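Participant: Quick one: structure below, then a few questions.
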Amino acid sequence: MLLQPVVNIAEICARKGVENVVLSPGSRCAPLTIAFARHPRLTVRTVSDERAAAFIALGMALTTGKPTVLVCTSGTAALNYAPAVAEAYFQQVPLLLLTADRPPEWIDQLDGQTIRQQDLYGRHIKHSFNFPVDLSHSDAKWHSERLVSEALNAALAFPAGPVHINVPLREPFYPTANEALTFDGGVKIIEEQANSFELSQDQSLRLQGEMLYFKRVLVVAGQQQHHPQLLQHLEAFAASTGAIVVGDVISNVQKLPEVVRHQDIVLACPDSQKLEALQPDLLISFGKSIISKSLKSYLRKYKPQAHWHLQPAGPVADTFQSLTKIIRCSPTSFFRLMAGSVKAELPFVSAWTGMEAKAADFLQQHVAQAGYDELRIVARVLAQLPGQSNLHLANSMAVRYANILALQPSQQVQVYANRGTSGIDGSTSTAVGCALTSPAITTLLTGDLSFFYDRNGLWHNYLPDNLRIVLLNNHAGGIFRLIDGPRQQPELEPFFETTQALDAQNTARDFQLGYTAVHTLAQLEQALPGFFAPEAGAGILEIFTDSPANATAFEAYRQALRRIRF
């Protein structure tokens with residue numbers, strides 16, 4: 001078969017551990033579609049909207065840790081992958097994008113569905129490859145097989161990320177009727193041995209010596225997946241050194257009991273002397289992005305003497321403007337080898353733990369006394385999440401509410417959010433991808449604009465029973481009433497909030513999802529247990545609130561912060 005090297009892409013993917021493939025319909029991509037659809041060891045799903053398909057694939061790769069393959073036809077179909085590609089790049093998630101293309105002689109010749117697809121994703125991709133056009137020579141077989149292995153190896157090499165193979169195809173590309181499709185058992189596979197990124201004995205001894213000069217050690221965890229071994233060694237490091245560990249809800253370190261999880265409240269303290277007492281002399285950071293603007297602002301103002309960032313490879317951001325050392329190792333290796341290397345000053349430890357305890361008490365009391373507003377609503381939803389479940393947080397206010405409120409260690413909830421680029425465009429689709437590849441109940445907490453923007457994430461035939469969508473519908477982009485700039489402008493309502501009148505009842509009916517509407521706290525309390533019950537099936541819990549009332553309530557929360565007696 002002339003297109004055998006194209007067919008063999010599916011075999012190489014299966015041999016190298018790929019499990020999930022997301023296709024979007026098209027004609028030019030027919031050889032790829034048919035090869036993947038007929039492969040016996042791959043789970044293949046079809047999603048018509050390429051943007052949604054790419055975010056669903058992102059959710060799958062986040063959950064499994066393995067590359068998800070995307071296949072689309074030529075032209076603007078490939079451009080629709082771009083938002084998820086950027087998110088995968090900055091969140092370091094492995095994807096393999098296979099975009100069918102016209103042969104090179106037809107580019108810029110006004111042929112249908114033809115754009116410039118080589119290097120389509122610019123600098124938001126780890127690597128771009130162009131598949132051979134002429135497949136007749138024996139070297140083309142070697143080239144094509146080598147290229148697919150290289151692409152998958154690149155997608156998984158630290159830091160993981162998206163990789164693109166553009167596949168130009170000449171007609172004919174459909175097999176004849178009843179033509180058998182075979183996969184070459186002898187395809188060339190190139191395996192790459194993963195690095196453990198361990199500190200050497202000399203490196204660990206040198207770092208232990210350097211740590212003796214620091215008595216106020218603060219560890220800041222950025223966004224990352226749940227890693228039980230890392231948490232074990234981080235907990236031992238903190239216990240043996242007195243180091244304070246701070247983590248956003250997306251850091252997945254909230255499962256450790258002693259982690260500071262209410263930093264936004266702690267750092268709202270107006271007393272400069274108390275804030276100075278929290279200043280570290282050594283900052284150790286690891287992971288990716290940080291949600292807390294308060295934490296970033298605080299550390300940029302109260303700079304440590306030294307800032308060490310732990311990262312095995314790749315570019316390192318100087319988020320806090322104080323970076324002094326990049327340590328090329330896994331965080332697990334560092335915390336395991338550095339346990340007991342220093343003993344923190346008691347006043348520093350007491351300042352953080354004392355203020356964290358008061359922050360937690362304040363939050364509990366404030367939420368208990370609040371009315372029907374989104375902060376209290378989210379608190380009740382988070383408290384009712386099933387144990388050992390997944391939580392996806394849409395961008396805008398949903399992720400911010402959850403970060404203020406935090407989760408309890410006993411819940412053992414795995415948290416995800418598209419904070420690589422922090423867009424609202426693919427939150428629903430990403431949660432769907434997670435639910436498709438995880439047996440656990442997967443909850444999406446989202447706002448109305450994010451949800452309705454991404455409804456096509458539900459437009460396919462694979463909605464899983466373990467999906468739960470909690471929709472906060474205030475009929476507006478409510479975050480703009482909470483930001484000082486837009487809320488003070490006369491253009492707030494027509495141009496920033498972009499009010500809308502939709503509800504999700506029709507969406508739930510269209511996609512055969514369960515639906516419950518909530519308008520009061522009493523209705524919420526009544527609905528939550530049944531909504532999260534395993535036998536309830538996929539559903540939407542739509543909680544209606546008022547945007548101006550939410551803004552008033554959140555301002556009251558801000559004012560109450562200033563009255564805390566730390």
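Chain labels run A, B, ... following the order of the structure tokens; each chain numbers its residues from 1, and ligands are numbered from 1 in the order shown.
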Which residues in segment 322-413 of chain A does DSSP call alpha helix (DSSP H)? List them as a ChimeraX atom specification.
Facilitator: /A:331-338,346-369,374-383,397-405
Participant: Which residues are near segment 258-260 of chain A? Cut-off 7 Å, only C-alpha atoms, ignore same chain within fewer than 4 positions. Put them as number ranges by chain.
Facilitator: A: 245-247, 254, 356
Participant: Between A:Arg376, A:Cys269, A:Leu256, A:Ala306, which residue has the minimum interatomic distance to Gln412 of chain A, considering only C-alpha atoms?
Facilitator: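 Closest to Gln412 of chain A, using only C-alpha atoms: A:Leu256.
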Participant: Find the residue from A:Ala30, A:Ala379, A:Val220, A:Ala553 that sits nearest to Lys296 of chain A; use only C-alpha atoms when measuring.
Facilitator: A:Val220
Participant: Could you pull out all residues of segment 309-436 of chain A with a DSSP call of strand (DSSP E or B) and give them as a PDB file with N, CA and C atoms, in the first residue's frame?
Facilitator:
ATOM      1  N   HIS A 309      15.136  27.557  42.809  1.00  0.00           N
ATOM      2  CA  HIS A 309      14.020  26.915  42.104  1.00  0.00           C
ATOM      3  C   HIS A 309      14.445  25.519  41.678  1.00  0.00           C
ATOM      4  N   LEU A 310      13.589  24.534  41.954  1.00  0.00           N
ATOM      5  CA  LEU A 310      13.862  23.133  41.650  1.00  0.00           C
ATOM      6  C   LEU A 310      13.153  22.762  40.362  1.00  0.00           C
ATOM      7  N   LYS A 325      19.314  30.791  42.234  1.00  0.00           N
ATOM      8  CA  LYS A 325      19.901  29.483  41.913  1.00  0.00           C
ATOM      9  C   LYS A 325      18.837  28.576  41.300  1.00  0.00           C
ATOM     10  N   ILE A 326      19.187  27.935  40.206  1.00  0.00           N
ATOM     11  CA  ILE A 326      18.345  26.915  39.592  1.00  0.00           C
ATOM     12  C   ILE A 326      18.986  25.566  39.894  1.00  0.00           C
ATOM     13  N   ILE A 327      18.241  24.702  40.557  1.00  0.00           N
ATOM     14  CA  ILE A 327      18.768  23.390  40.931  1.00  0.00           C
ATOM     15  C   ILE A 327      18.119  22.357  40.010  1.00  0.00           C
ATOM     16  N   ASN A 390     -11.932  14.003  41.389  1.00  0.00           N
ATOM     17  CA  ASN A 390     -11.228  15.020  40.610  1.00  0.00           C
ATOM     18  C   ASN A 390     -12.029  16.315  40.622  1.00  0.00           C
ATOM     19  N   LEU A 391     -11.326  17.434  40.725  1.00  0.00           N
ATOM     20  CA  LEU A 391     -11.964  18.748  40.664  1.00  0.00           C
ATOM     21  C   LEU A 391     -11.288  19.576  39.584  1.00  0.00           C
ATOM     22  N   HIS A 392     -12.067  19.997  38.593  1.00  0.00           N
ATOM     23  CA  HIS A 392     -11.569  20.917  37.571  1.00  0.00           C
ATOM     24  C   HIS A 392     -12.132  22.309  37.862  1.00  0.00           C
ATOM     25  N   LEU A 393     -11.262  23.285  37.880  1.00  0.00           N
ATOM     26  CA  LEU A 393     -11.644  24.656  38.189  1.00  0.00           C
ATOM     27  C   LEU A 393     -11.526  25.500  36.932  1.00  0.00           C
ATOM     28  N   GLN A 414      -8.021  15.507  43.829  1.00  0.00           N
ATOM     29  CA  GLN A 414      -7.021  15.906  42.843  1.00  0.00           C
ATOM     30  C   GLN A 414      -7.550  17.111  42.077  1.00  0.00           C
ATOM     31  N   VAL A 415      -6.759  18.202  42.026  1.00  0.00           N
ATOM     32  CA  VAL A 415      -7.243  19.461  41.461  1.00  0.00           C
ATOM     33  C   VAL A 415      -6.548  19.750  40.124  1.00  0.00           C
ATOM     34  N   TYR A 416      -7.350  20.181  39.159  1.00  0.00           N
ATOM     35  CA  TYR A 416      -6.848  20.567  37.841  1.00  0.00           C
ATOM     36  C   TYR A 416      -7.398  21.955  37.491  1.00  0.00           C
ATOM     37  N   ALA A 417      -6.635  22.704  36.711  1.00  0.00           N
ATOM     38  CA  ALA A 417      -7.111  23.983  36.179  1.00  0.00           C
ATOM     39  C   ALA A 417      -6.218  24.362  35.006  1.00  0.00           C
TER      40      ALA A 417
END
Participant: If we count only C-alpha atoms and set the cut-off at 9 Å, which residues sit around Ile543 of chain A, ignoring sequence neighbours fewer than 6 positions away in its own chain? Please answer as a list in words.
Facilitator: Ile377, Val470, Leu471, Leu472, Asn473, Asn474, Thr516, Ala517, Val518, His519, Thr520 and Leu524 of chain A
Participant: Using only C-alpha atoms, can you tell me which of A:Ile291, A:Leu135, A:Cys29, A:Leu147 comes closest to Cys13 of chain A?
Facilitator: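 So, comparing all the options, the nearest one is A:Leu147.
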Participant: Got a sec: who's within 8 Å of Ala476 of chain A, counting only C-alpha atoms, leaving out chain neighbours fewer than 6 positions off, as a short mmCIF file (atom, residue, chain, number, x, y, z; two decimals) with all heavy atoms, in the first residue's frame?
Facilitator:
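Writing the result to part27.cif gives the following:
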data_model
loop_
_atom_site.label_atom_id
_atom_site.label_comp_id
_atom_site.auth_asym_id
_atom_site.auth_seq_id
_atom_site.Cartn_x
_atom_site.Cartn_y
_atom_site.Cartn_z
N ASP A 448 -20.73 31.02 34.19
CA ASP A 448 -21.60 30.92 33.02
C ASP A 448 -20.89 31.25 31.71
O ASP A 448 -21.09 30.56 30.70
CB ASP A 448 -22.85 31.81 33.20
CG ASP A 448 -22.53 33.22 33.63
OD1 ASP A 448 -22.14 33.41 34.80
OD2 ASP A 448 -22.68 34.13 32.81
N LEU A 449 -20.05 32.30 31.69
CA LEU A 449 -19.40 32.65 30.43
C LEU A 449 -18.46 31.54 29.98
O LEU A 449 -18.44 31.17 28.79
CB LEU A 449 -18.64 33.96 30.57
CG LEU A 449 -19.50 35.22 30.79
CD1 LEU A 449 -18.65 36.47 30.68
CD2 LEU A 449 -20.66 35.29 29.80
N GLU A 497 -18.81 43.28 31.61
CA GLU A 497 -19.61 42.17 32.13
C GLU A 497 -20.25 41.33 31.03
O GLU A 497 -20.45 40.13 31.21
CB GLU A 497 -20.73 42.70 33.04
CG GLU A 497 -20.34 42.78 34.49
CD GLU A 497 -21.57 42.82 35.37
OE1 GLU A 497 -22.55 43.47 35.00
OE2 GLU A 497 -21.55 42.19 36.43
N THR A 498 -20.58 41.93 29.93
CA THR A 498 -21.24 41.23 28.82
C THR A 498 -22.37 40.32 29.32
O THR A 498 -22.28 39.10 29.23
CB THR A 498 -20.24 40.42 27.99
OG1 THR A 498 -19.52 39.52 28.85
CG2 THR A 498 -19.25 41.31 27.29
N THR A 499 -23.39 40.94 29.86
CA THR A 499 -24.50 40.18 30.43
C THR A 499 -25.16 39.28 29.38
O THR A 499 -25.20 39.61 28.20
CB THR A 499 -25.56 41.13 31.02
OG1 THR A 499 -25.98 42.04 30.00
CG2 THR A 499 -25.00 41.90 32.19
N GLN A 500 -25.65 38.13 29.84
CA GLN A 500 -26.31 37.17 28.95
C GLN A 500 -27.48 36.55 29.70
O GLN A 500 -27.49 36.50 30.92
CB GLN A 500 -25.31 36.11 28.48
CG GLN A 500 -24.56 35.38 29.57
CD GLN A 500 -25.36 34.28 30.23
OE1 GLN A 500 -26.21 33.68 29.63
NE2 GLN A 500 -25.05 34.03 31.50
N SER A 547 -25.12 39.11 40.05
CA SER A 547 -23.76 39.65 39.94
C SER A 547 -23.52 40.85 40.86
O SER A 547 -22.53 40.87 41.58
CB SER A 547 -23.45 40.02 38.48
OG SER A 547 -22.12 40.44 38.34
#
Participant: My list of candidates is A:Val187, A:Ala155, A:Val18, A:Ala551. Which is closest to His143 of chain A when distances are computed with only C-alpha atoms?
Facilitator: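 Using only C-alpha atoms, His143 of chain A sits closest to A:Val187.
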Participant: Which residue, A:Gly371, A:Gly514, A:Gly447, A:Pro270, has the smallest gap to Val399 of chain A when you use only C-alpha atoms?
Facilitator: A:Gly447
Participant: Can you tell me how far atom CA of Gln559 of chain A sits from atom CA of Ser396 of chain A, in Å to one decimal?
Facilitator: 21.4 Å
Participant: Using only C-alpha atoms, pick whichever of A:Arg336, A:Arg468, A:Arg261, A:Lys301 has the shortest atom-to-atom distance to Met355 of chain A.
Facilitator: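 With only C-alpha atoms as the atom set, the closest residue is A:Arg261.
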Participant: Can you pull out the residues contacting segment 424-441 of chain A? Cut-off 9 Å, using only C-alpha atoms, and skip same-chain residues under 6 positions away; I want them as a PyMOL selection string.
Facilitator: chain A and resi 20+51-64+83-84+386+388-396+416-418+449-451+453-458+462-469+532+534
Participant: Near segment 504-508 of chain A, counting only C-alpha atoms, which residues have an atom at most 8 Å away, once you skip same-chain residues fewer than 5 positions from it, shown as a PyMOL selection string?
Facilitator: chain A and resi 455+513-515+539-540+542
Participant: Residues within 8 Å of Leu407 of chain A, please, as JSON, numbers by chain. Count only C-alpha atoms; anything in the same chain fewer than 5 positions from it doesn't count.
Facilitator: {"A": [249, 254, 382, 383, 402, 413]}
Participant: Selection from above, all heavy atoms, as an mmCIF file, in the first residue's frame, can you write it?
Facilitator:
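As a result, out-v7.cif now contains:
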data_model
loop_
_atom_site.group_PDB
_atom_site.id
_atom_site.type_symbol
_atom_site.label_atom_id
_atom_site.label_comp_id
_atom_site.auth_asym_id
_atom_site.auth_seq_id
_atom_site.Cartn_x
_atom_site.Cartn_y
_atom_site.Cartn_z
ATOM 1 N N VAL A 249 -4.386 25.994 45.696
ATOM 2 C CA VAL A 249 -5.224 24.811 45.567
ATOM 3 C C VAL A 249 -4.806 23.965 44.366
ATOM 4 O O VAL A 249 -4.972 22.740 44.361
ATOM 5 C CB VAL A 249 -6.707 25.222 45.478
ATOM 6 C CG1 VAL A 249 -7.017 25.913 44.156
ATOM 7 C CG2 VAL A 249 -7.620 24.024 45.697
ATOM 8 N N GLN A 254 -2.180 20.447 49.130
ATOM 9 C CA GLN A 254 -3.118 20.702 50.216
ATOM 10 C C GLN A 254 -3.486 19.418 50.961
ATOM 11 O O GLN A 254 -4.126 19.454 52.001
ATOM 12 C CB GLN A 254 -4.397 21.381 49.696
ATOM 13 C CG GLN A 254 -5.314 20.482 48.893
ATOM 14 C CD GLN A 254 -4.939 20.397 47.432
ATOM 15 O OE1 GLN A 254 -3.968 21.012 47.015
ATOM 16 N NE2 GLN A 254 -5.696 19.640 46.649
ATOM 17 N N LEU A 382 -17.501 22.745 47.754
ATOM 18 C CA LEU A 382 -16.205 22.115 48.027
ATOM 19 C C LEU A 382 -16.299 21.158 49.211
ATOM 20 O O LEU A 382 -15.678 20.085 49.210
ATOM 21 C CB LEU A 382 -15.139 23.179 48.291
ATOM 22 C CG LEU A 382 -14.791 24.120 47.127
ATOM 23 C CD1 LEU A 382 -13.674 25.065 47.526
ATOM 24 C CD2 LEU A 382 -14.411 23.348 45.876
ATOM 25 N N ALA A 383 -17.057 21.541 50.212
ATOM 26 C CA ALA A 383 -17.189 20.696 51.398
ATOM 27 C C ALA A 383 -17.892 19.378 51.085
ATOM 28 O O ALA A 383 -17.674 18.373 51.773
ATOM 29 C CB ALA A 383 -17.946 21.444 52.491
ATOM 30 N N ALA A 402 -12.098 29.000 44.861
ATOM 31 C CA ALA A 402 -11.567 27.743 45.401
ATOM 32 C C ALA A 402 -10.214 27.965 46.070
ATOM 33 O O ALA A 402 -9.904 27.333 47.087
ATOM 34 C CB ALA A 402 -11.453 26.705 44.286
ATOM 35 N N VAL A 413 -8.674 15.224 47.255
ATOM 36 C CA VAL A 413 -9.201 15.584 45.935
ATOM 37 C C VAL A 413 -8.051 16.028 45.039
ATOM 38 O O VAL A 413 -7.205 16.823 45.457
ATOM 39 C CB VAL A 413 -10.257 16.705 46.058
ATOM 40 C CG1 VAL A 413 -10.659 17.224 44.685
ATOM 41 C CG2 VAL A 413 -11.480 16.192 46.812
#
Participant: Determine, using only C-alpha atoms, which residues of segment 414-477 of chain A have any atom at most 9 Å from an atom of segment 91-99 of chain A, and tabulate each with its shortest atom pair and distance in Å to one decimal place, rows ordered by chain and then rising number, as a tab-separated table.
Facilitator:
residue	atom	partner	partner_atom	distance
A:Asn418	CA	A:Gln91	CA	7.5
A:Arg419	CA	A:Gln91	CA	7.0
A:Gly420	CA	A:Gln91	CA	4.5
A:Thr421	CA	A:Gln91	CA	8.0
